[in-house]
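Heads up, protein.tsv below (TSV, N, CA and C atoms):
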chain	number	residue	atom	x	y	z
A	1016	MET	N	171.40	-87.02	-179.80
A	1016	MET	CA	172.30	-88.10	-180.15
A	1016	MET	C	171.46	-89.34	-180.47
A	1017	ARG	N	171.79	-89.97	-181.60
A	1017	ARG	CA	171.10	-91.19	-181.99
A	1017	ARG	C	171.68	-92.39	-181.25
A	1018	ILE	N	170.82	-93.37	-180.98
A	1018	ILE	CA	171.25	-94.63	-180.38
A	1018	ILE	C	171.31	-95.66	-181.50
A	1019	LEU	N	172.45	-96.31	-181.65
A	1019	LEU	CA	172.64	-97.31	-182.69
A	1019	LEU	C	172.21	-98.68	-182.17
A	1020	ASN	N	171.32	-99.32	-182.90
A	1020	ASN	CA	170.83	-100.65	-182.55
A	1020	ASN	C	171.13	-101.60	-183.69
A	1021	GLY	N	171.07	-102.89	-183.41
A	1021	GLY	CA	171.24	-103.89	-184.45
A	1021	GLY	C	172.68	-104.27	-184.72
A	1022	TYR	N	173.58	-103.90	-183.83
A	1022	TYR	CA	174.99	-104.25	-183.97
A	1022	TYR	C	175.39	-105.22	-182.87
A	1023	SER	N	176.05	-106.30	-183.25
A	1023	SER	CA	176.51	-107.28	-182.26
A	1023	SER	C	177.63	-106.66	-181.42
A	1024	LYS	N	177.95	-107.33	-180.33
A	1024	LYS	CA	179.03	-106.84	-179.47
A	1024	LYS	C	180.35	-106.80	-180.24
A	1025	SER	N	180.59	-107.80	-181.09
A	1025	SER	CA	181.84	-107.80	-181.86
A	1025	SER	C	181.86	-106.66	-182.86
A	1026	GLN	N	180.71	-106.35	-183.46
A	1026	GLN	CA	180.64	-105.24	-184.41
A	1026	GLN	C	180.83	-103.91	-183.68
A	1027	GLN	N	180.25	-103.77	-182.50
A	1027	GLN	CA	180.45	-102.55	-181.72
A	1027	GLN	C	181.91	-102.37	-181.36
A	1028	LYS	N	182.54	-103.44	-180.89
A	1028	LYS	CA	183.95	-103.37	-180.52
A	1028	LYS	C	184.81	-103.02	-181.72
A	1029	GLU	N	184.51	-103.64	-182.85
A	1029	GLU	CA	185.26	-103.38	-184.07
A	1029	GLU	C	185.16	-101.92	-184.49
A	1030	LEU	N	183.96	-101.36	-184.43
A	1030	LEU	CA	183.76	-99.97	-184.81
A	1030	LEU	C	184.44	-99.03	-183.82
A	1031	GLU	N	184.39	-99.35	-182.53
A	1031	GLU	CA	185.08	-98.52	-181.54
A	1031	GLU	C	186.60	-98.55	-181.74
A	1032	GLU	N	187.14	-99.73	-182.03
A	1032	GLU	CA	188.58	-99.85	-182.30
A	1032	GLU	C	188.96	-99.10	-183.58
A	1033	ALA	N	188.12	-99.21	-184.60
A	1033	ALA	CA	188.42	-98.53	-185.86
A	1033	ALA	C	188.43	-97.02	-185.66
A	1034	ARG	N	187.52	-96.51	-184.85
A	1034	ARG	CA	187.48	-95.06	-184.62
A	1034	ARG	C	188.77	-94.60	-183.94
A	1035	LYS	N	189.33	-95.44	-183.08
A	1035	LYS	CA	190.58	-95.07	-182.41
A	1035	LYS	C	191.79	-95.13	-183.34
A	1036	ASN	N	191.78	-96.10	-184.27
A	1036	ASN	CA	192.99	-96.41	-185.02
A	1036	ASN	C	192.94	-96.11	-186.51
A	1037	MET	N	191.79	-95.70	-187.03
A	1037	MET	CA	191.64	-95.57	-188.47
A	1037	MET	C	190.82	-94.33	-188.79
A	1038	SER	N	191.14	-93.68	-189.88
A	1038	SER	CA	190.29	-92.56	-190.29
A	1038	SER	C	188.95	-93.11	-190.78
A	1039	CYS	N	187.94	-92.28	-190.77
A	1039	CYS	CA	186.62	-92.70	-191.23
A	1039	CYS	C	186.67	-93.11	-192.69
A	1040	ASN	N	187.39	-92.36	-193.53
A	1040	ASN	CA	187.50	-92.69	-194.94
A	1040	ASN	C	188.14	-94.07	-195.15
A	1041	ASP	N	189.20	-94.34	-194.38
A	1041	ASP	CA	189.85	-95.65	-194.50
A	1041	ASP	C	188.89	-96.77	-194.09
A	1042	PHE	N	188.15	-96.55	-193.01
A	1042	PHE	CA	187.23	-97.57	-192.54
A	1042	PHE	C	186.13	-97.82	-193.57
A	1043	LEU	N	185.54	-96.76	-194.07
A	1043	LEU	CA	184.49	-96.91	-195.08
A	1043	LEU	C	185.03	-97.60	-196.33
A	1044	HIS	N	186.23	-97.23	-196.73
A	1044	HIS	CA	186.84	-97.88	-197.89
A	1044	HIS	C	187.01	-99.38	-197.64
A	1045	ASN	N	187.44	-99.73	-196.43
A	1045	ASN	CA	187.67	-101.13	-196.10
A	1045	ASN	C	186.39	-101.96	-196.12
A	1046	ILE	N	185.27	-101.38	-195.73
A	1046	ILE	CA	184.05	-102.20	-195.72
A	1046	ILE	C	183.33	-102.19	-197.07
A	1047	THR	N	183.57	-101.19	-197.90
A	1047	THR	CA	182.84	-101.11	-199.17
A	1047	THR	C	183.65	-101.62	-200.35
A	1048	TYR	N	184.94	-101.80	-200.18
A	1048	TYR	CA	185.81	-102.22	-201.27
A	1048	TYR	C	186.03	-103.72	-201.19
A	1049	PHE	N	186.12	-104.38	-202.33
A	1049	PHE	CA	186.36	-105.81	-202.34
A	1049	PHE	C	187.72	-106.08	-202.95
A	1050	PRO	N	188.61	-106.82	-202.39
A	1050	PRO	CA	188.52	-107.42	-201.06
A	1050	PRO	C	188.93	-106.42	-199.98
A	1051	ALA	N	188.38	-106.56	-198.84
A	1051	ALA	CA	188.69	-105.65	-197.73
A	1051	ALA	C	189.98	-106.05	-197.06
A	1052	THR	N	190.62	-105.09	-196.46
A	1052	THR	CA	191.78	-105.40	-195.63
A	1052	THR	C	191.27	-105.90	-194.29
A	1053	ILE	N	192.16	-106.48	-193.53
A	1053	ILE	CA	191.74	-107.00	-192.23
A	1053	ILE	C	191.43	-105.84	-191.29
A	1054	GLY	N	190.72	-106.11	-190.24
A	1054	GLY	CA	190.44	-105.10	-189.23
A	1054	GLY	C	189.01	-104.65	-189.19
A	1055	CYS	N	188.21	-105.05	-190.14
A	1055	CYS	CA	186.81	-104.63	-190.11
A	1055	CYS	C	185.91	-105.72	-190.70
A	1056	SER	N	186.28	-106.97	-190.49
A	1056	SER	CA	185.56	-108.08	-191.13
A	1056	SER	C	184.13	-108.21	-190.63
A	1057	SER	N	183.88	-107.95	-189.38
A	1057	SER	CA	182.52	-108.10	-188.83
A	1057	SER	C	181.56	-107.07	-189.43
A	1058	ILE	N	181.98	-105.83	-189.48
A	1058	ILE	CA	181.15	-104.78	-190.08
A	1058	ILE	C	181.05	-105.01	-191.58
A	1059	LYS	N	182.14	-105.44	-192.22
A	1059	LYS	CA	182.11	-105.72	-193.67
A	1059	LYS	C	181.09	-106.81	-193.98
A	1060	ASP	N	181.06	-107.87	-193.16
A	1060	ASP	CA	180.07	-108.94	-193.37
A	1060	ASP	C	178.65	-108.40	-193.26
A	1061	LYS	N	178.42	-107.53	-192.25
A	1061	LYS	CA	177.10	-106.92	-192.08
A	1061	LYS	C	176.74	-106.10	-193.33
A	1062	TYR	N	177.71	-105.33	-193.80
A	1062	TYR	CA	177.50	-104.50	-194.99
A	1062	TYR	C	177.24	-105.35	-196.23
A	1063	ASP	N	178.05	-106.39	-196.42
A	1063	ASP	CA	177.91	-107.24	-197.60
A	1063	ASP	C	176.57	-107.96	-197.64
A	1064	GLU	N	176.03	-108.32	-196.49
A	1064	GLU	CA	174.76	-109.04	-196.42
A	1064	GLU	C	173.55	-108.12	-196.55
A	1065	ALA	N	173.75	-106.82	-196.45
A	1065	ALA	CA	172.65	-105.86	-196.45
A	1065	ALA	C	172.20	-105.51	-197.87
A	1066	ASP	N	170.93	-105.11	-197.97
A	1066	ASP	CA	170.45	-104.59	-199.25
A	1066	ASP	C	170.87	-103.12	-199.36
A	1067	THR	N	170.55	-102.49	-200.46
A	1067	THR	CA	171.02	-101.12	-200.72
A	1067	THR	C	170.60	-100.14	-199.64
A	1068	ASP	N	169.33	-100.16	-199.23
A	1068	ASP	CA	168.87	-99.23	-198.19
A	1068	ASP	C	169.58	-99.47	-196.86
A	1069	GLU	N	169.79	-100.74	-196.53
A	1069	GLU	CA	170.49	-101.06	-195.28
A	1069	GLU	C	171.95	-100.63	-195.35
A	1070	ARG	N	172.56	-100.74	-196.52
A	1070	ARG	CA	173.95	-100.31	-196.67
A	1070	ARG	C	174.07	-98.81	-196.44
A	1071	ILE	N	173.14	-98.06	-196.96
A	1071	ILE	CA	173.14	-96.60	-196.75
A	1071	ILE	C	172.99	-96.30	-195.27
A	1072	SER	N	172.12	-97.05	-194.61
A	1072	SER	CA	171.91	-96.87	-193.17
A	1072	SER	C	173.17	-97.20	-192.38
A	1073	ILE	N	173.87	-98.26	-192.76
A	1073	ILE	CA	175.12	-98.64	-192.08
A	1073	ILE	C	176.16	-97.54	-192.25
A	1074	ILE	N	176.30	-97.02	-193.45
A	1074	ILE	CA	177.27	-95.94	-193.68
A	1074	ILE	C	176.90	-94.70	-192.86
A	1075	LYS	N	175.60	-94.36	-192.81
A	1075	LYS	CA	175.16	-93.22	-191.99
A	1075	LYS	C	175.49	-93.47	-190.52
A	1076	ASP	N	175.26	-94.69	-190.04
A	1076	ASP	CA	175.59	-95.03	-188.65
A	1076	ASP	C	177.08	-94.83	-188.38
A	1077	ILE	N	177.92	-95.28	-189.31
A	1077	ILE	CA	179.36	-95.15	-189.14
A	1077	ILE	C	179.77	-93.68	-189.12
A	1078	LEU	N	179.25	-92.91	-190.06
A	1078	LEU	CA	179.58	-91.47	-190.09
A	1078	LEU	C	179.13	-90.78	-188.81
A	1079	ASP	N	177.90	-91.08	-188.36
A	1079	ASP	CA	177.40	-90.46	-187.13
A	1079	ASP	C	178.21	-90.91	-185.91
A	1080	PHE	N	178.63	-92.17	-185.89
A	1080	PHE	CA	179.44	-92.67	-184.78
A	1080	PHE	C	180.79	-91.96	-184.74
A	1081	TYR	N	181.42	-91.82	-185.90
A	1081	TYR	CA	182.72	-91.16	-185.99
A	1081	TYR	C	182.63	-89.68	-185.59
A	1082	THR	N	181.50	-89.05	-185.86
A	1082	THR	CA	181.35	-87.61	-185.56
A	1082	THR	C	180.61	-87.36	-184.26
A	1083	ASP	N	180.49	-88.38	-183.42
A	1083	ASP	CA	179.85	-88.28	-182.10
A	1083	ASP	C	178.39	-87.84	-182.17
A	1084	LYS	N	177.71	-88.19	-183.24
A	1084	LYS	CA	176.27	-87.91	-183.35
A	1084	LYS	C	175.45	-89.15	-183.03
A	1085	ALA	N	176.14	-90.27	-182.80
A	1085	ALA	CA	175.46	-91.52	-182.47
A	1085	ALA	C	176.34	-92.34	-181.54
A	1086	LYS	N	175.71	-93.15	-180.73
A	1086	LYS	CA	176.45	-94.05	-179.84
A	1086	LYS	C	175.65	-95.33	-179.69
A	1087	PHE	N	176.30	-96.34	-179.16
A	1087	PHE	CA	175.62	-97.61	-178.91
A	1087	PHE	C	174.88	-97.51	-177.58
A	1088	ALA	N	173.76	-98.21	-177.50
A	1088	ALA	CA	172.97	-98.21	-176.27
A	1088	ALA	C	173.80	-98.82	-175.14
A	1089	GLU	N	173.69	-98.23	-173.98
A	1089	GLU	CA	174.36	-98.77	-172.80
A	1089	GLU	C	173.60	-100.02	-172.36
A	1090	PRO	N	174.32	-101.10	-172.03
A	1090	PRO	CA	173.62	-102.29	-171.56
A	1090	PRO	C	172.94	-102.04	-170.22
A	1091	LYS	N	171.83	-102.72	-170.00
A	1091	LYS	CA	171.14	-102.59	-168.72
A	1091	LYS	C	172.04	-103.09	-167.61
A	1092	LYS	N	171.91	-102.46	-166.46
A	1092	LYS	CA	172.70	-102.84	-165.29
A	1092	LYS	C	171.77	-103.43	-164.23
A	1093	TYR	N	172.35	-104.34	-163.44
A	1093	TYR	CA	171.59	-105.03	-162.41
A	1093	TYR	C	172.41	-105.09	-161.12
A	1094	TYR	N	171.69	-105.10	-160.00
A	1094	TYR	CA	172.28	-105.46	-158.71
A	1094	TYR	C	172.06	-106.95	-158.52
A	1095	VAL	N	172.90	-107.58	-157.72
A	1095	VAL	CA	172.65	-108.94	-157.27
A	1095	VAL	C	172.36	-108.83	-155.78
A	1096	HIS	N	171.06	-108.94	-155.43
A	1096	HIS	CA	170.60	-108.77	-154.06
A	1096	HIS	C	170.31	-110.16	-153.49
A	1097	LEU	N	171.24	-110.66	-152.69
A	1097	LEU	CA	171.19	-112.05	-152.25
A	1097	LEU	C	170.17	-112.31	-151.14
A	1098	ILE	N	169.91	-111.35	-150.28
A	1098	ILE	CA	168.93	-111.55	-149.19
A	1098	ILE	C	167.95	-110.39	-149.24
A	1099	LYS	N	166.75	-110.67	-149.71
A	1099	LYS	CA	165.72	-109.62	-149.80
A	1099	LYS	C	165.46	-109.03	-148.42
A	1100	GLY	N	165.32	-107.71	-148.39
A	1100	GLY	CA	165.05	-107.01	-147.14
A	1100	GLY	C	166.29	-106.65	-146.35
A	1101	ASN	N	167.44	-107.16	-146.74
A	1101	ASN	CA	168.69	-106.84	-146.06
A	1101	ASN	C	169.49	-105.92	-146.97
A	1102	GLU	N	169.61	-104.66	-146.60
A	1102	GLU	CA	170.28	-103.67	-147.44
A	1102	GLU	C	171.80	-103.81	-147.48
A	1103	LYS	N	172.34	-104.73	-146.72
A	1103	LYS	CA	173.79	-104.97	-146.73
A	1103	LYS	C	174.13	-106.31	-147.40
A	1104	SER	N	173.21	-106.81	-148.25
A	1104	SER	CA	173.44	-108.12	-148.85
A	1104	SER	C	173.50	-108.07	-150.38
A	1105	TYR	N	174.02	-106.96	-150.90
A	1105	TYR	CA	174.23	-106.83	-152.34
A	1105	TYR	C	175.63	-107.33	-152.68
A	1106	LEU	N	175.74	-108.02	-153.80
A	1106	LEU	CA	177.03	-108.49	-154.25
A	1106	LEU	C	177.90	-107.30	-154.61
A	1107	THR	N	179.14	-107.35	-154.16
A	1107	THR	CA	180.12	-106.31	-154.49
A	1107	THR	C	181.39	-107.00	-154.99
A	1108	ILE	N	182.16	-106.25	-155.76
A	1108	ILE	CA	183.45	-106.75	-156.22
A	1108	ILE	C	184.48	-105.65	-156.03
A	1109	THR	N	185.59	-106.01	-155.41
A	1109	THR	CA	186.68	-105.07	-155.21
A	1109	THR	C	187.45	-104.91	-156.52
A	1110	PRO	N	188.29	-103.89	-156.62
A	1110	PRO	CA	189.11	-103.74	-157.83
A	1110	PRO	C	190.00	-104.96	-158.10
A	1111	ASP	N	190.30	-105.73	-157.06
A	1111	ASP	CA	191.13	-106.93	-157.21
A	1111	ASP	C	190.31	-108.16	-157.61
A	1112	GLY	N	188.98	-107.99	-157.75
A	1112	GLY	CA	188.13	-109.10	-158.16
A	1112	GLY	C	187.60	-109.95	-157.03
A	1113	VAL	N	187.71	-109.48	-155.80
A	1113	VAL	CA	187.23	-110.24	-154.64
A	1113	VAL	C	185.74	-109.96	-154.44
A	1114	LEU	N	184.94	-111.04	-154.39
A	1114	LEU	CA	183.50	-110.90	-154.17
A	1114	LEU	C	183.22	-110.67	-152.70
A	1115	GLY	N	182.20	-109.86	-152.42
A	1115	GLY	CA	181.80	-109.61	-151.05
A	1115	GLY	C	180.36	-109.18	-151.00
A	1116	LEU	N	179.90	-108.81	-149.82
A	1116	LEU	CA	178.55	-108.30	-149.62
A	1116	LEU	C	178.63	-106.90	-149.05
A	1117	GLY	N	177.67	-106.07	-149.43
A	1117	GLY	CA	177.62	-104.72	-148.91
A	1117	GLY	C	176.37	-104.03	-149.40
A	1118	SER	N	176.35	-102.71	-149.28
A	1118	SER	CA	175.20	-101.96	-149.77
A	1118	SER	C	175.30	-101.84	-151.28
A	1119	ARG	N	174.22	-101.39	-151.89
A	1119	ARG	CA	174.25	-101.28	-153.35
A	1119	ARG	C	174.94	-100.01	-153.83
A	1120	LEU	N	175.35	-99.15	-152.93
A	1120	LEU	CA	176.07	-97.94	-153.31
A	1120	LEU	C	177.49	-98.31	-153.72
A	1121	GLU	N	177.93	-97.76	-154.83
A	1121	GLU	CA	179.29	-98.00	-155.27
A	1121	GLU	C	180.20	-97.02	-154.53
A	1122	ILE	N	180.92	-97.56	-153.56
A	1122	ILE	CA	181.80	-96.75	-152.72
A	1122	ILE	C	183.23	-96.97	-153.20
A	1123	GLY	N	183.91	-95.86	-153.47
A	1123	GLY	CA	185.26	-95.97	-154.00
A	1123	GLY	C	185.22	-96.66	-155.35
A	1124	SER	N	185.99	-97.71	-155.48
A	1124	SER	CA	186.01	-98.43	-156.74
A	1124	SER	C	185.38	-99.82	-156.62
A	1125	TRP	N	184.61	-100.02	-155.55
A	1125	TRP	CA	183.88	-101.28	-155.40
A	1125	TRP	C	182.70	-101.27	-156.36
A	1126	LYS	N	182.54	-102.33	-157.10
A	1126	LYS	CA	181.51	-102.41	-158.11
A	1126	LYS	C	180.28	-103.14	-157.57
A	1127	THR	N	179.09	-102.56	-157.79
A	1127	THR	CA	177.84	-103.20	-157.35
A	1127	THR	C	176.84	-103.35	-158.48
A	1128	GLU	N	177.09	-102.73	-159.62
A	1128	GLU	CA	176.19	-102.81	-160.77
A	1128	GLU	C	176.86	-103.63	-161.86
A	1129	PHE	N	176.09	-104.59	-162.42
A	1129	PHE	CA	176.65	-105.52	-163.38
A	1129	PHE	C	175.72	-105.68	-164.57
A	1130	THR	N	176.29	-106.01	-165.72
A	1130	THR	CA	175.46	-106.37	-166.86
A	1130	THR	C	175.00	-107.81	-166.68
A	1131	HIS	N	173.99	-108.19	-167.44
A	1131	HIS	CA	173.47	-109.55	-167.39
A	1131	HIS	C	174.60	-110.55	-167.71
A	1132	GLU	N	175.43	-110.23	-168.69
A	1132	GLU	CA	176.52	-111.12	-169.09
A	1132	GLU	C	177.57	-111.25	-167.98
A	1133	GLU	N	177.84	-110.16	-167.27
A	1133	GLU	CA	178.80	-110.22	-166.17
A	1133	GLU	C	178.28	-111.13	-165.06
A	1134	ILE	N	177.00	-111.04	-164.78
A	1134	ILE	CA	176.41	-111.89	-163.74
A	1134	ILE	C	176.52	-113.36	-164.13
A	1135	ILE	N	176.21	-113.66	-165.37
A	1135	ILE	CA	176.31	-115.05	-165.84
A	1135	ILE	C	177.74	-115.55	-165.73
A	1136	SER	N	178.70	-114.70	-166.07
A	1136	SER	CA	180.10	-115.14	-166.03
A	1136	SER	C	180.58	-115.39	-164.60
A	1137	MET	N	180.00	-114.67	-163.62
A	1137	MET	CA	180.38	-114.91	-162.22
A	1137	MET	C	179.78	-116.21	-161.72
A	1138	ASN	N	178.46	-116.34	-161.92
A	1138	ASN	CA	177.75	-117.54	-161.48
A	1138	ASN	C	176.32	-117.44	-162.02
A	1139	PRO	N	175.92	-118.30	-162.93
A	1139	PRO	CA	174.57	-118.21	-163.51
A	1139	PRO	C	173.46	-118.27	-162.46
A	1140	GLN	N	173.72	-118.85	-161.31
A	1140	GLN	CA	172.69	-118.91	-160.26
A	1140	GLN	C	172.39	-117.53	-159.68
A	1141	PHE	N	173.32	-116.59	-159.84
A	1141	PHE	CA	173.09	-115.22	-159.36
A	1141	PHE	C	171.94	-114.55	-160.12
A	1142	LEU	N	171.57	-115.06	-161.30
A	1142	LEU	CA	170.47	-114.48	-162.05
A	1142	LEU	C	169.17	-114.48	-161.25
A	1143	LEU	N	169.05	-115.44	-160.35
A	1143	LEU	CA	167.85	-115.53	-159.51
A	1143	LEU	C	167.71	-114.31	-158.59
A	1144	PHE	N	168.81	-113.61	-158.37
A	1144	PHE	CA	168.85	-112.51	-157.40
A	1144	PHE	C	169.04	-111.14	-158.05
A	1145	GLU	N	168.99	-111.08	-159.38
A	1145	GLU	CA	169.26	-109.79	-160.03
A	1145	GLU	C	168.05	-108.87	-159.92
A	1146	GLU	N	168.37	-107.60	-159.71
A	1146	GLU	CA	167.37	-106.51	-159.66
A	1146	GLU	C	167.86	-105.43	-160.61
A	1147	GLU	N	167.00	-104.97	-161.49
A	1147	GLU	CA	167.39	-103.94	-162.45
A	1147	GLU	C	167.69	-102.64	-161.73
A	1148	VAL	N	168.78	-101.99	-162.13
A	1148	VAL	CA	169.15	-100.69	-161.58
A	1148	VAL	C	168.24	-99.64	-162.23
A	1149	GLU	N	167.55	-98.89	-161.38
A	1149	GLU	CA	166.69	-97.83	-161.90
A	1149	GLU	C	167.53	-96.59	-162.12
A	1150	LYS	N	167.26	-95.91	-163.23
A	1150	LYS	CA	168.04	-94.72	-163.56
A	1150	LYS	C	167.53	-93.53	-162.80
As a first step, turn the structure in this file into structure tokens.
Amino acid sequence: MRILNGYSKSQQKELEEARKNMSCNDFLHNITYFPATIGCSSIKDKYDEADTDERISIIKDILDFYTDKAKFAEPKKYYVHLIKGNEKSYLTITPDGVLGLGSRLEIGSWKTEFTHEEIISMNPQFLLFEEEVEK
């Protein structure tokens, strides 16, 4: 499986939504035809700004994505470890959004692994305590 790089979060979301709601032919028609219909403006802008070789690459990416031969890279995940040396001091979030402390193991539906953007949205100061999750 190929990993698709060079796509913004909005372009990734747009392509994922298009795969759910639109045939591949319709989507390709919308980004390559002028004027395009709404629903794929971000990818269309990327396509319109690209040179010929890049356009071919974008179309190949779309075809591979639609046929499950390519996917977007998973964002890196991090723990927020507030007290070094204390294994019960990892930031956790309940399904209801309540912050707490616990082990780094995800028990039930308590979340302990976060993307960099999620950490920033909770509290930018938590970045001081992030530890990359090893695979």
Within 7 Å of segment 1024-1035 of chain A: each segment 1043-1136 of chain A residue with its shortest pair, all atoms listed in the file, as a tab-separated table:
residue	atom	partner	partner_atom	distance
A:Gly1054	C	A:Glu1029	CA	6.5
A:Cys1055	CA	A:Glu1029	CA	6.4
A:Ser1057	C	A:Gln1026	CA	5.4
A:Ile1058	N	A:Gln1026	CA	5.3
A:Tyr1081	CA	A:Arg1034	CA	6.3
Serialized selection, N, CA and C atoms, as a compact mmCIF listing (two decimals), in the coordinates of the input:
# COMPACT_ATOMS: atom_id res chain seq x y z
N GLY A 1054 190.72 -106.11 -190.24
CA GLY A 1054 190.44 -105.10 -189.23
C GLY A 1054 189.01 -104.65 -189.19
N CYS A 1055 188.21 -105.05 -190.14
CA CYS A 1055 186.81 -104.63 -190.11
C CYS A 1055 185.91 -105.72 -190.70
N SER A 1057 183.88 -107.95 -189.38
CA SER A 1057 182.52 -108.10 -188.83
C SER A 1057 181.56 -107.07 -189.43
N ILE A 1058 181.98 -105.83 -189.48
CA ILE A 1058 181.15 -104.78 -190.08
C ILE A 1058 181.05 -105.01 -191.58
N TYR A 1081 181.42 -91.82 -185.90
CA TYR A 1081 182.72 -91.16 -185.99
C TYR A 1081 182.63 -89.68 -185.59
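Nearest residue to Gly1117 of chain A, choosing from A:His1096, A:Lys1091, A:Ser1038, A:Ser1136 and counting only C-alpha atoms: A:His1096.
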* To do: Name the residues in contact with Thr1127 of chain A at a cut-off of 6.5 Å, using all atoms listed in the file, excluding same-chain residues fewer than 6 positions from it; report them as a PyMOL selection string.
  => chain A and resi 1093-1095+1106-1108+1119-1121
Those same residues, written as an mmCIF file, keeping the file's coordinate frame with N, CA and C atoms?
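Now in result_27.cif:
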data_model
loop_
_atom_site.group_PDB
_atom_site.id
_atom_site.type_symbol
_atom_site.label_atom_id
_atom_site.label_comp_id
_atom_site.auth_asym_id
_atom_site.auth_seq_id
_atom_site.Cartn_x
_atom_site.Cartn_y
_atom_site.Cartn_z
ATOM 1 N N TYR A 1093 172.350 -104.340 -163.440
ATOM 2 C CA TYR A 1093 171.590 -105.030 -162.410
ATOM 3 C C TYR A 1093 172.410 -105.090 -161.120
ATOM 4 N N TYR A 1094 171.690 -105.100 -160.000
ATOM 5 C CA TYR A 1094 172.280 -105.460 -158.710
ATOM 6 C C TYR A 1094 172.060 -106.950 -158.520
ATOM 7 N N VAL A 1095 172.900 -107.580 -157.720
ATOM 8 C CA VAL A 1095 172.650 -108.940 -157.270
ATOM 9 C C VAL A 1095 172.360 -108.830 -155.780
ATOM 10 N N LEU A 1106 175.740 -108.020 -153.800
ATOM 11 C CA LEU A 1106 177.030 -108.490 -154.250
ATOM 12 C C LEU A 1106 177.900 -107.300 -154.610
ATOM 13 N N THR A 1107 179.140 -107.350 -154.160
ATOM 14 C CA THR A 1107 180.120 -106.310 -154.490
ATOM 15 C C THR A 1107 181.390 -107.000 -154.990
ATOM 16 N N ILE A 1108 182.160 -106.250 -155.760
ATOM 17 C CA ILE A 1108 183.450 -106.750 -156.220
ATOM 18 C C ILE A 1108 184.480 -105.650 -156.030
ATOM 19 N N ARG A 1119 174.220 -101.390 -151.890
ATOM 20 C CA ARG A 1119 174.250 -101.280 -153.350
ATOM 21 C C ARG A 1119 174.940 -100.010 -153.830
ATOM 22 N N LEU A 1120 175.350 -99.150 -152.930
ATOM 23 C CA LEU A 1120 176.070 -97.940 -153.310
ATOM 24 C C LEU A 1120 177.490 -98.310 -153.720
ATOM 25 N N GLU A 1121 177.930 -97.760 -154.830
ATOM 26 C CA GLU A 1121 179.290 -98.000 -155.270
ATOM 27 C C GLU A 1121 180.200 -97.020 -154.530
#
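Going from atom CA of Asp1083 of chain A over to atom CA of Met1016 of chain A, you cover 7.8 Å.
Taking atom C of Glu1145 of chain A and atom C of Tyr1022 of chain A as the two end points, the separation is 24.4 Å.
Excluding Lys1084 of chain A itself and same-chain residues fewer than 6 positions from it, the residues having an atom within 9 Å of it are Met1016, Arg1017, Ile1018, Asp1076 and Leu1078 of chain A, counting only C-alpha atoms.
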* Name the residues of chain A that come out as alpha helix (DSSP H) in a backbone DSSP run; write them as a ChimeraX atom specification. => /A:1024-1036,1039-1047,1056-1064,1067-1081,1131-1137
* **Nearest-residue call for Ile1074 of chain A, choices A:Thr1047, A:Asn1138, A:Ser1104, A:Thr1109, using only C-alpha atoms** =>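 The shortest atom-to-atom distance to Ile1074 of chain A comes from A:Thr1047.
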* Asked: Any idea what the distance is between atom CA of Glu1128 of chain A and atom CA of Val1148 of chain A?
  ->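 Atom CA of Val1148 of chain A lies at a distance of 7.4 Å from atom CA of Glu1128 of chain A.
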* Based on DSSP run over this structure's backbone, return all residues of chain A in strand (DSSP E), as a list in words. => Arg1017, Ile1018, Leu1019, Ala1085, Lys1086, Phe1087, Tyr1093, Tyr1094, Val1095, Tyr1105, Leu1106, Thr1107, Ile1108, Leu1114, Gly1115, Leu1116, Gly1117, Glu1145, Glu1146 and Glu1147 of chain A
* Asked: Hey, which of A:Asp1063, A:Phe1144, A:Ile1135, A:Pro1110 ends up closest to Gly1123 of chain A? Count only C-alpha atoms.
  ->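 Smallest separation from Gly1123 of chain A among the options: A:Pro1110.
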